[in-house]
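Listing of run-v4.json, JSON, C-alpha atoms
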[["chain", "number", "residue", "atom", "x", "y", "z"],
["A", 158, "MET", "CA", -13.01, -6.64, 17.27],
["A", 159, "ILE", "CA", -9.93, -8.67, 17.98],
["A", 160, "PHE", "CA", -6.66, -7.05, 18.81],
["A", 161, "PHE", "CA", -3.54, -9.02, 18.21],
["A", 162, "GLY", "CA", -1.40, -6.55, 20.10],
["A", 163, "THR", "CA", 0.34, -3.55, 18.69],
["A", 164, "ALA", "CA", 3.41, -3.65, 16.51],
["A", 165, "GLU", "CA", 5.46, -1.87, 19.10],
["A", 166, "SER", "CA", 4.76, -4.21, 21.97],
["A", 167, "SER", "CA", 4.64, -7.71, 20.57],
["A", 168, "LEU", "CA", 7.32, -8.95, 18.29],
["A", 169, "GLY", "CA", 6.75, -12.48, 19.44],
["A", 170, "THR", "CA", 5.54, -13.75, 16.11],
["A", 171, "MET", "CA", 8.83, -12.97, 14.44],
["A", 172, "PRO", "CA", 10.99, -15.91, 13.50],
["A", 173, "ASN", "CA", 14.21, -16.12, 15.51],
["A", 174, "SER", "CA", 12.99, -13.53, 17.97],
["A", 175, "LYS", "CA", 13.72, -15.86, 20.88],
["A", 176, "ASP", "CA", 17.40, -16.18, 20.13],
["A", 177, "GLY", "CA", 18.32, -12.60, 19.44],
["A", 178, "GLY", "CA", 16.80, -10.45, 22.16],
["A", 179, "LYS", "CA", 17.72, -6.81, 21.76],
["A", 180, "GLU", "CA", 19.59, -7.48, 18.57],
["A", 181, "ASP", "CA", 16.45, -8.89, 17.02],
["A", 182, "VAL", "CA", 14.27, -6.05, 18.19],
["A", 183, "ARG", "CA", 16.65, -3.69, 16.47],
["A", 184, "ASN", "CA", 16.66, -5.82, 13.34],
["A", 185, "VAL", "CA", 12.90, -5.83, 13.26],
["A", 186, "ARG", "CA", 12.87, -2.06, 13.63],
["A", 187, "LEU", "CA", 15.37, -1.65, 10.83],
["A", 188, "ARG", "CA", 13.47, -4.01, 8.61],
["A", 189, "ARG", "CA", 10.23, -2.21, 9.34],
["A", 190, "ARG", "CA", 11.80, 1.12, 8.47],
["A", 191, "LYS", "CA", 13.15, -0.35, 5.28],
["A", 192, "ILE", "CA", 9.75, -1.73, 4.35],
["A", 193, "GLY", "CA", 8.29, 1.70, 4.96],
["A", 194, "GLU", "CA", 10.81, 3.28, 2.61],
["A", 195, "GLN", "CA", 10.18, 0.64, -0.02],
["A", 196, "LEU", "CA", 6.42, 1.03, 0.26],
["A", 197, "ARG", "CA", 6.80, 4.73, -0.38],
["A", 198, "ALA", "CA", 9.14, 3.95, -3.27],
["A", 199, "ILE", "CA", 6.50, 1.71, -4.86],
["A", 200, "TYR", "CA", 3.87, 4.39, -4.40],
["A", 201, "ASP", "CA", 6.06, 7.29, -5.50],
["A", 202, "GLU", "CA", 7.23, 5.40, -8.53],
["A", 203, "VAL", "CA", 3.71, 5.55, -9.92],
["A", 204, "ALA", "CA", 2.87, 8.95, -8.46],
["A", 205, "SER", "CA", 5.85, 10.52, -10.19],
["A", 206, "GLU", "CA", 5.02, 9.09, -13.61],
["A", 207, "PRO", "CA", 3.63, 11.63, -16.05],
["A", 208, "VAL", "CA", -0.16, 11.43, -16.07],
["A", 209, "PRO", "CA", -1.35, 9.52, -19.14],
["A", 210, "ASP", "CA", -3.23, 11.78, -21.57],
["A", 211, "GLU", "CA", -6.28, 9.61, -21.30],
["A", 212, "PHE", "CA", -6.93, 10.85, -17.77],
["A", 213, "LEU", "CA", -6.85, 14.48, -18.75],
["A", 214, "ARG", "CA", -8.91, 13.82, -21.84],
["A", 215, "LEU", "CA", -11.59, 12.02, -19.83],
["A", 216, "LEU", "CA", -11.82, 14.85, -17.37],
["A", 217, "GLU", "CA", -11.91, 17.49, -20.12],
["A", 218, "GLU", "CA", -14.66, 15.57, -21.84],
["A", 219, "ALA", "CA", -16.68, 15.22, -18.68],
["A", 220, "ASP", "CA", -16.22, 18.93, -18.00],
["A", 221, "ARG", "CA", -17.27, 19.94, -21.51],
["A", 222, "ASN", "CA", -20.34, 17.75, -21.30],
["A", 223, "THR", "CA", -21.43, 19.35, -18.07],
["A", 224, "THR", "CA", -20.65, 22.91, -19.12],
["A", 225, "ASN", "CA", -22.28, 22.66, -22.54],
["A", 226, "PRO", "CA", -24.70, 19.77, -22.26],
["A", 227, "ASP", "CA", -26.14, 20.48, -25.73],
["A", 228, "GLU", "CA", -22.88, 20.33, -27.58],
["A", 229, "THR", "CA", -21.89, 16.76, -28.14],
["A", 230, "SER", "CA", -18.16, 16.54, -28.56],
["A", 231, "SER", "CA", -16.51, 13.83, -30.52],
["B", 1377, "MET", "CA", -25.14, 25.71, -5.48],
["B", 1378, "ASN", "CA", -23.05, 28.87, -5.63],
["B", 1379, "SER", "CA", -21.20, 30.01, -8.74],
["B", 1380, "PRO", "CA", -20.79, 26.59, -10.28],
["B", 1381, "LYS", "CA", -18.35, 27.82, -12.91],
["B", 1382, "THR", "CA", -15.60, 29.06, -10.63],
["B", 1383, "GLY", "CA", -16.28, 26.31, -8.11],
["B", 1384, "ASP", "CA", -15.99, 23.74, -10.86],
["B", 1385, "SER", "CA", -12.71, 25.00, -12.23],
["B", 1386, "ALA", "CA", -11.13, 25.12, -8.79],
["B", 1387, "PHE", "CA", -12.43, 21.63, -8.15],
["B", 1388, "LYS", "CA", -11.10, 20.45, -11.47],
["B", 1389, "ALA", "CA", -7.65, 21.87, -10.85],
["B", 1390, "GLU", "CA", -7.45, 20.19, -7.47],
["B", 1391, "LEU", "CA", -8.78, 16.93, -8.85],
["B", 1392, "THR", "CA", -6.29, 17.01, -11.72],
["B", 1393, "ALA", "CA", -3.46, 17.47, -9.27],
["B", 1394, "LEU", "CA", -4.61, 14.35, -7.45],
["B", 1395, "ILE", "CA", -4.49, 12.07, -10.49],
["B", 1396, "PRO", "CA", -0.94, 10.83, -9.75],
["B", 1397, "HIS", "CA", -2.08, 9.86, -6.25],
["B", 1398, "LEU", "CA", -5.17, 8.11, -7.53],
["B", 1399, "ARG", "CA", -2.99, 6.11, -9.89],
["B", 1400, "ALA", "CA", -0.45, 5.29, -7.21],
["B", 1401, "PHE", "CA", -3.08, 4.28, -4.70],
["B", 1402, "ALA", "CA", -4.89, 2.13, -7.26],
["B", 1403, "ARG", "CA", -1.67, 0.46, -8.33],
["B", 1404, "SER", "CA", -0.60, -0.35, -4.81],
["B", 1405, "LEU", "CA", -4.08, -1.63, -4.06],
["B", 1406, "CYS", "CA", -4.51, -3.95, -7.00],
["B", 1407, "GLY", "CA", -1.03, -4.48, -8.42],
["B", 1408, "ASP", "CA", -2.02, -4.78, -12.06],
["B", 1409, "ALA", "CA", -1.13, -1.60, -13.96],
["B", 1410, "THR", "CA", -3.99, -1.73, -16.49],
["B", 1411, "LEU", "CA", -6.65, -2.58, -13.96],
["B", 1412, "ALA", "CA", -5.27, 0.09, -11.66],
["B", 1413, "ASP", "CA", -5.56, 2.80, -14.30],
["B", 1414, "ASP", "CA", -9.11, 1.70, -15.11],
["B", 1415, "LEU", "CA", -9.88, 1.97, -11.44],
["B", 1416, "ALA", "CA", -8.26, 5.39, -11.19],
["B", 1417, "GLN", "CA", -10.09, 6.70, -14.25],
["B", 1418, "ASP", "CA", -13.35, 5.39, -12.92],
["B", 1419, "ALA", "CA", -12.71, 7.15, -9.60],
["B", 1420, "LEU", "CA", -11.76, 10.34, -11.39],
["B", 1421, "LEU", "CA", -15.04, 10.45, -13.30],
["B", 1422, "LYS", "CA", -17.07, 9.47, -10.25],
["B", 1423, "ALA", "CA", -15.42, 12.25, -8.27],
["B", 1424, "TRP", "CA", -16.18, 14.73, -11.03],
["B", 1425, "LYS", "CA", -19.81, 13.70, -11.16],
["B", 1426, "ALA", "CA", -20.11, 13.90, -7.40],
["B", 1427, "ARG", "CA", -18.39, 17.30, -7.15],
["B", 1428, "ASP", "CA", -21.53, 18.97, -5.80],
["B", 1429, "ARG", "CA", -21.35, 16.67, -2.81],
["B", 1430, "TYR", "CA", -17.75, 17.55, -2.04],
["B", 1431, "GLU", "CA", -17.28, 19.89, 0.89],
["B", 1432, "PRO", "CA", -14.56, 22.38, -0.02],
["B", 1433, "GLU", "CA", -13.03, 22.47, 3.46],
["B", 1434, "SER", "CA", -12.52, 18.73, 3.54],
["B", 1435, "ASN", "CA", -9.58, 16.72, 2.32],
["B", 1436, "MET", "CA", -10.05, 16.00, -1.37],
["B", 1437, "LYS", "CA", -7.35, 13.37, -1.45],
["B", 1438, "ALA", "CA", -9.10, 11.37, 1.25],
["B", 1439, "TRP", "CA", -12.42, 11.95, -0.48],
["B", 1440, "THR", "CA", -11.23, 10.64, -3.86],
["B", 1441, "PHE", "CA", -9.43, 7.73, -2.20],
["B", 1442, "THR", "CA", -12.71, 6.78, -0.57],
["B", 1443, "ILE", "CA", -14.41, 6.74, -3.95],
["B", 1444, "LEU", "CA", -11.62, 4.68, -5.45],
["B", 1445, "ARG", "CA", -11.43, 2.06, -2.73],
["B", 1446, "ASN", "CA", -15.19, 1.71, -2.55],
["B", 1447, "SER", "CA", -15.40, 0.87, -6.22],
["B", 1448, "PHE", "CA", -12.39, -1.42, -5.90],
["B", 1449, "PHE", "CA", -14.01, -3.39, -3.12],
["B", 1450, "SER", "CA", -17.49, -3.48, -4.59],
["B", 1451, "GLU", "CA", -16.00, -4.63, -7.88],
["B", 1452, "LYS", "CA", -14.11, -7.29, -6.03],
["B", 1453, "ARG", "CA", -17.17, -8.39, -4.14],
["B", 1454, "ARG", "CA", -19.08, -8.68, -7.38],
["B", 1455, "SER", "CA", -16.45, -10.64, -9.15],
["B", 1456, "TRP", "CA", -16.01, -14.29, -8.40],
["B", 1457, "ARG", "CA", -12.28, -14.10, -7.87],
["B", 1458, "ARG", "CA", -12.01, -13.18, -4.26],
["B", 1459, "GLN", "CA", -8.53, -14.40, -3.71],
["B", 1460, "SER", "CA", -5.63, -12.01, -3.48],
["B", 1461, "LEU", "CA", -3.55, -10.96, -6.43],
["B", 1462, "ASP", "CA", -1.51, -13.33, -8.44],
["B", 1463, "PRO", "CA", 2.12, -12.54, -7.60],
["B", 1464, "GLU", "CA", 3.02, -12.85, -11.29],
["B", 1465, "VAL", "CA", 0.93, -9.80, -11.99],
["B", 1466, "ALA", "CA", 3.06, -7.78, -9.62],
["B", 1467, "GLU", "CA", 6.15, -9.06, -11.35],
["B", 1468, "ALA", "CA", 4.93, -7.85, -14.70],
["B", 1469, "THR", "CA", 4.32, -4.33, -13.47],
["B", 1470, "LEU", "CA", 7.71, -3.80, -11.91],
["B", 1471, "VAL", "CA", 9.30, -0.73, -13.34],
["B", 1472, "ALA", "CA", 12.97, -1.05, -14.11],
["B", 1473, "ASN", "CA", 15.40, 0.56, -11.75],
["B", 1474, "ASP", "CA", 19.16, 0.87, -12.21],
["B", 1475, "ASP", "CA", 19.91, -0.96, -8.99],
["B", 1476, "PRO", "CA", 19.24, -4.69, -9.53],
["B", 1477, "GLN", "CA", 19.34, -5.45, -5.82],
["B", 1478, "ALA", "CA", 16.80, -2.73, -5.04],
["B", 1479, "ASN", "CA", 14.71, -4.04, -7.91],
["B", 1480, "LEU", "CA", 14.67, -7.52, -6.45],
["B", 1481, "GLU", "CA", 13.75, -6.17, -3.06],
["B", 1482, "LEU", "CA", 10.91, -4.08, -4.42],
["B", 1483, "LEU", "CA", 9.69, -7.05, -6.39],
["B", 1484, "ALA", "CA", 9.74, -9.19, -3.27],
["B", 1485, "LEU", "CA", 7.83, -6.51, -1.40],
["B", 1486, "ARG", "CA", 5.23, -6.19, -4.15],
["B", 1487, "ASN", "CA", 4.68, -9.91, -4.10],
["B", 1488, "ALA", "CA", 4.44, -9.93, -0.34],
["B", 1489, "LEU", "CA", 2.02, -7.01, -0.49],
["B", 1490, "ALA", "CA", -0.15, -8.92, -2.95],
["B", 1491, "ARG", "CA", -0.39, -11.77, -0.47],
["B", 1492, "LEU", "CA", -1.76, -9.62, 2.34],
["B", 1493, "PRO", "CA", -5.48, -9.60, 3.07],
["B", 1494, "ASP", "CA", -7.13, -6.67, 1.26],
["B", 1495, "ASP", "CA", -8.00, -4.70, 4.37],
["B", 1496, "GLN", "CA", -4.47, -4.93, 5.74],
["B", 1497, "ARG", "CA", -2.90, -3.98, 2.42],
["B", 1498, "GLU", "CA", -5.20, -1.01, 2.12],
["B", 1499, "ALA", "CA", -4.46, 0.26, 5.61],
["B", 1500, "LEU", "CA", -0.73, -0.12, 5.15],
["B", 1501, "ILE", "CA", -0.73, 1.70, 1.80],
["B", 1502, "LEU", "CA", -2.84, 4.57, 3.06],
["B", 1503, "VAL", "CA", -0.78, 5.15, 6.17],
["B", 1504, "GLY", "CA", 2.60, 3.84, 5.09],
["B", 1505, "ALA", "CA", 2.79, 5.20, 1.55],
["B", 1506, "GLY", "CA", -0.12, 7.51, 0.83],
["B", 1507, "GLY", "CA", 0.73, 9.88, 3.63],
["B", 1508, "LEU", "CA", -2.68, 9.77, 5.26],
["B", 1509, "SER", "CA", -3.21, 9.94, 8.98],
["B", 1510, "TYR", "CA", -4.74, 7.05, 10.89],
["B", 1511, "GLU", "CA", -7.88, 9.15, 11.25],
["B", 1512, "GLU", "CA", -8.09, 9.86, 7.53],
["B", 1513, "ALA", "CA", -7.40, 6.23, 6.71],
["B", 1514, "ALA", "CA", -10.18, 5.19, 9.10],
["B", 1515, "GLY", "CA", -12.55, 7.60, 7.37],
["B", 1516, "ILE", "CA", -11.59, 6.22, 3.97],
["B", 1517, "SER", "CA", -11.96, 2.59, 4.98],
["B", 1518, "GLY", "CA", -15.08, 3.23, 7.00],
["B", 1519, "CYS", "CA", -13.80, 1.73, 10.21],
["B", 1520, "ALA", "CA", -12.51, 2.77, 13.63],
["B", 1521, "VAL", "CA", -9.07, 4.33, 14.08],
["B", 1522, "GLY", "CA", -8.11, 1.43, 16.32],
["B", 1523, "THR", "CA", -8.99, -1.01, 13.57],
["B", 1524, "ILE", "CA", -6.73, 0.81, 11.13],
["B", 1525, "LYS", "CA", -3.91, 0.79, 13.64],
["B", 1526, "SER", "CA", -4.22, -2.90, 14.23],
["B", 1527, "ARG", "CA", -4.46, -3.61, 10.49],
["B", 1528, "VAL", "CA", -1.32, -1.61, 9.81],
["B", 1529, "SER", "CA", 0.49, -3.37, 12.59],
["B", 1530, "ARG", "CA", -0.61, -6.81, 11.44],
["B", 1531, "ALA", "CA", 0.25, -5.96, 7.85],
["B", 1532, "ARG", "CA", 3.78, -4.92, 8.80],
["B", 1533, "LYS", "CA", 4.32, -8.09, 10.78],
["B", 1534, "ALA", "CA", 2.91, -10.25, 8.03],
["B", 1535, "LEU", "CA", 5.09, -8.56, 5.42],
["B", 1536, "ILE", "CA", 8.21, -9.20, 7.45],
["B", 1537, "VAL", "CA", 7.25, -12.82, 7.91],
["B", 1538, "ILE", "CA", 6.50, -13.27, 4.20],
["B", 1539, "LEU", "CA", 9.72, -11.55, 3.14],
["B", 1540, "GLU", "CA", 11.65, -13.62, 5.66],
["B", 1541, "SER", "CA", 10.19, -16.86, 4.40],
["B", 1542, "ASP", "CA", 10.89, -15.82, 0.82],
["B", 1543, "LEU", "CA", 14.49, -15.30, 1.79],
["B", 1544, "THR", "CA", 14.53, -18.73, 3.37],
["B", 1545, "GLY", "CA", 13.25, -20.07, 0.11],
["B", 1546, "PHE", "CA", 16.07, -18.42, -1.80],
["B", 1547, "ASN", "CA", 19.10, -19.16, 0.30],
["B", 1548, "SER", "CA", 17.93, -20.38, 3.74],
["B", 1549, "ASP", "CA", 19.54, -17.31, 5.21],
["B", 1550, "SER", "CA", 17.39, -17.05, 8.31],
["B", 1551, "GLU", "CA", 17.86, -20.72, 9.08],
["B", 1552, "MET", "CA", 21.61, -20.30, 8.94],
["B", 1553, "ARG", "CA", 21.39, -17.38, 11.23],
["B", 1554, "ALA", "CA", 19.30, -19.32, 13.68],
["B", 1555, "THR", "CA", 21.85, -22.13, 13.69],
["B", 1556, "ASP", "CA", 24.68, -19.69, 14.21],
["B", 1557, "VAL", "CA", 22.96, -18.21, 17.20],
["B", 1558, "PHE", "CA", 22.31, -21.66, 18.58],
["B", 1559, "ASP", "CA", 25.93, -22.70, 18.10],
["B", 1560, "ASP", "CA", 27.06, -19.56, 19.80],
["B", 1561, "LEU", "CA", 24.82, -20.22, 22.77],
["B", 1562, "MET", "CA", 26.12, -23.78, 23.00],
["B", 1563, "ARG", "CA", 29.70, -22.55, 22.90],
["B", 1564, "GLN", "CA", 29.04, -20.07, 25.64],
["B", 1565, "ALA", "CA", 27.38, -22.74, 27.74],
["B", 1566, "GLN", "CA", 30.32, -25.01, 27.12],
["B", 1567, "GLU", "CA", 32.79, -22.34, 28.21],
["B", 1568, "LEU", "CA", 30.81, -21.60, 31.32],
["B", 1569, "SER", "CA", 30.71, -25.23, 32.33],
["B", 1570, "THR", "CA", 34.38, -25.98, 31.57],
["B", 1571, "ASN", "CA", 35.79, -22.84, 33.12],
["B", 1572, "GLY", "CA", 33.55, -23.26, 36.08],
["B", 1573, "THR", "CA", 34.72, -21.05, 38.92],
["B", 1574, "PRO", "CA", 37.47, -18.56, 38.22]]
As structure tokens, how would this structure be written, given the file I've shared?
Amino acid sequence: MIFFGTAESSLGTMPNSKDGGKEDVRNVRLRRRKIGEQLRAIYDEVASEPVPDEFLRLLEEADRNTTNPDETSS
Amino acid sequence: MNSPKTGDSAFKAELTALIPHLRAFARSLCGDATLADDLAQDALLKAWKARDRYEPESNMKAWTFTILRNSFFSEKRRSWRRQSLDPEVAEATLVANDDPQANLELLALRNALARLPDDQREALILVGAGGLSYEEAAGISGCAVGTIKSRVSRARKALIVILESDLTGFNSDSEMRATDVFDDLMRQAQELSTNGTP
């Protein structure tokens, strides 16, 4: 397994990191936090959508088929 | 098997409550809304069929996520298209938001996310958006905790680099900043050398 260093310790691959010093480290941290918020936004956007009926129907069907294997539902 | 009826209904209720997460995880993983819902439905049914193998004390979210990602990756392995997502797909699935700037940023992030290697994207979604611990994510992905940590860290770095280079593509913002910093340094050097000793 290859380790490329942890996010916290090596920011060396960032563009412009040589010029900025502390300023850049803070920028990177801010940007990382922002990305985290946006990632959650992308996820939550879908998670908060109402569940399409098809999902519930599929599960109901599967449940019915297992509870009453003889009855074939249409 | 003990009292399958009550066990089943409790299982079903918990599984139903997880559907939004299955959909969100699938969507973040594969970008395309239709494919993602297929994937989530498939995982839902697989989880239902495998309910006897579920241990009630364990984390059902992590368990269903494992099922989902395993079928995602085995599907991907089977299919000939092994490359990452087409960024246009991500564009098509962007849900409208009232803030155009935020919309653009989310779109840029989706596209950047689609360009990450699968394992890094998965790790980042699980830990960064899905609310799973490193340990749970490692269990889901079937790898060591350290591997997950390094994937998350590499994914974050790669995202920043991709987003940065996208920005450069739009308005060469980062280049301008770099030049500004350089100019500033030169000016300071100039001042030091001209002022010399006080």
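Across the structure, atom CA of Ser1526 of chain B and atom CA of Gln195 of chain A are spaced 20.6 Å apart.
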Exercise answer, chain A residues close to chain B, 6 Å and only C-alpha atoms, as a VMD selection string:
chain A and resid 164 196 to 197 200 203 to 204
Any chance you can output those residues with C-alpha atoms as a PDB file, in the frame of the given file?
ATOM      1  CA  ALA A 164       3.410  -3.650  16.510  1.00  0.00           C
ATOM      2  CA  LEU A 196       6.420   1.030   0.260  1.00  0.00           C
ATOM      3  CA  ARG A 197       6.800   4.730  -0.380  1.00  0.00           C
ATOM      4  CA  TYR A 200       3.870   4.390  -4.400  1.00  0.00           C
ATOM      5  CA  VAL A 203       3.710   5.550  -9.920  1.00  0.00           C
ATOM      6  CA  ALA A 204       2.870   8.950  -8.460  1.00  0.00           C
TER       7      ALA A 204
END
Grab the atom CA of Ala198 of chain A to atom CA of Ile1538 of chain B distance for me, in Å with one decimal place.
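Separation between atom CA of Ala198 of chain A and atom CA of Ile1538 of chain B: 19.0 Å.
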Any idea what the distance is between atom CA of Gly1518 of chain B and atom CA of Ala1438 of chain B?
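Atom CA of Ala1438 of chain B lies at a distance of 11.6 Å from atom CA of Gly1518 of chain B.
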Could you check which residues have any atom within 10 Å of (-13.9, 27.5, 0.4), counting only C-alpha atoms with coordinates taken straight from the file, and then list them as a list of chain:residue names?
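Checked against the point, the hits come out as B:Gly1383, B:Ala1386, B:Glu1431, B:Pro1432, B:Glu1433, B:Ser1434.
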Nearest residue to Gly193 of chain A out of B:Leu1502, B:Glu1451, B:Ala1423, B:Ala1412, using all atoms listed in the file?
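So, comparing all the options, the nearest one is B:Leu1502.
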As lines of an AutoDock Vina configuration file, please report the centre and edge lengths, rounded to one decimal in Å, of the axis-aligned box that holds all listed atoms of segment 1436-1450 of chain B with 8 Å of padding on each of the six sides.
center_x = -12.4
center_y = 6.3
center_z = -2.5
size_x = 26.1
size_y = 35.5
size_z = 23.5
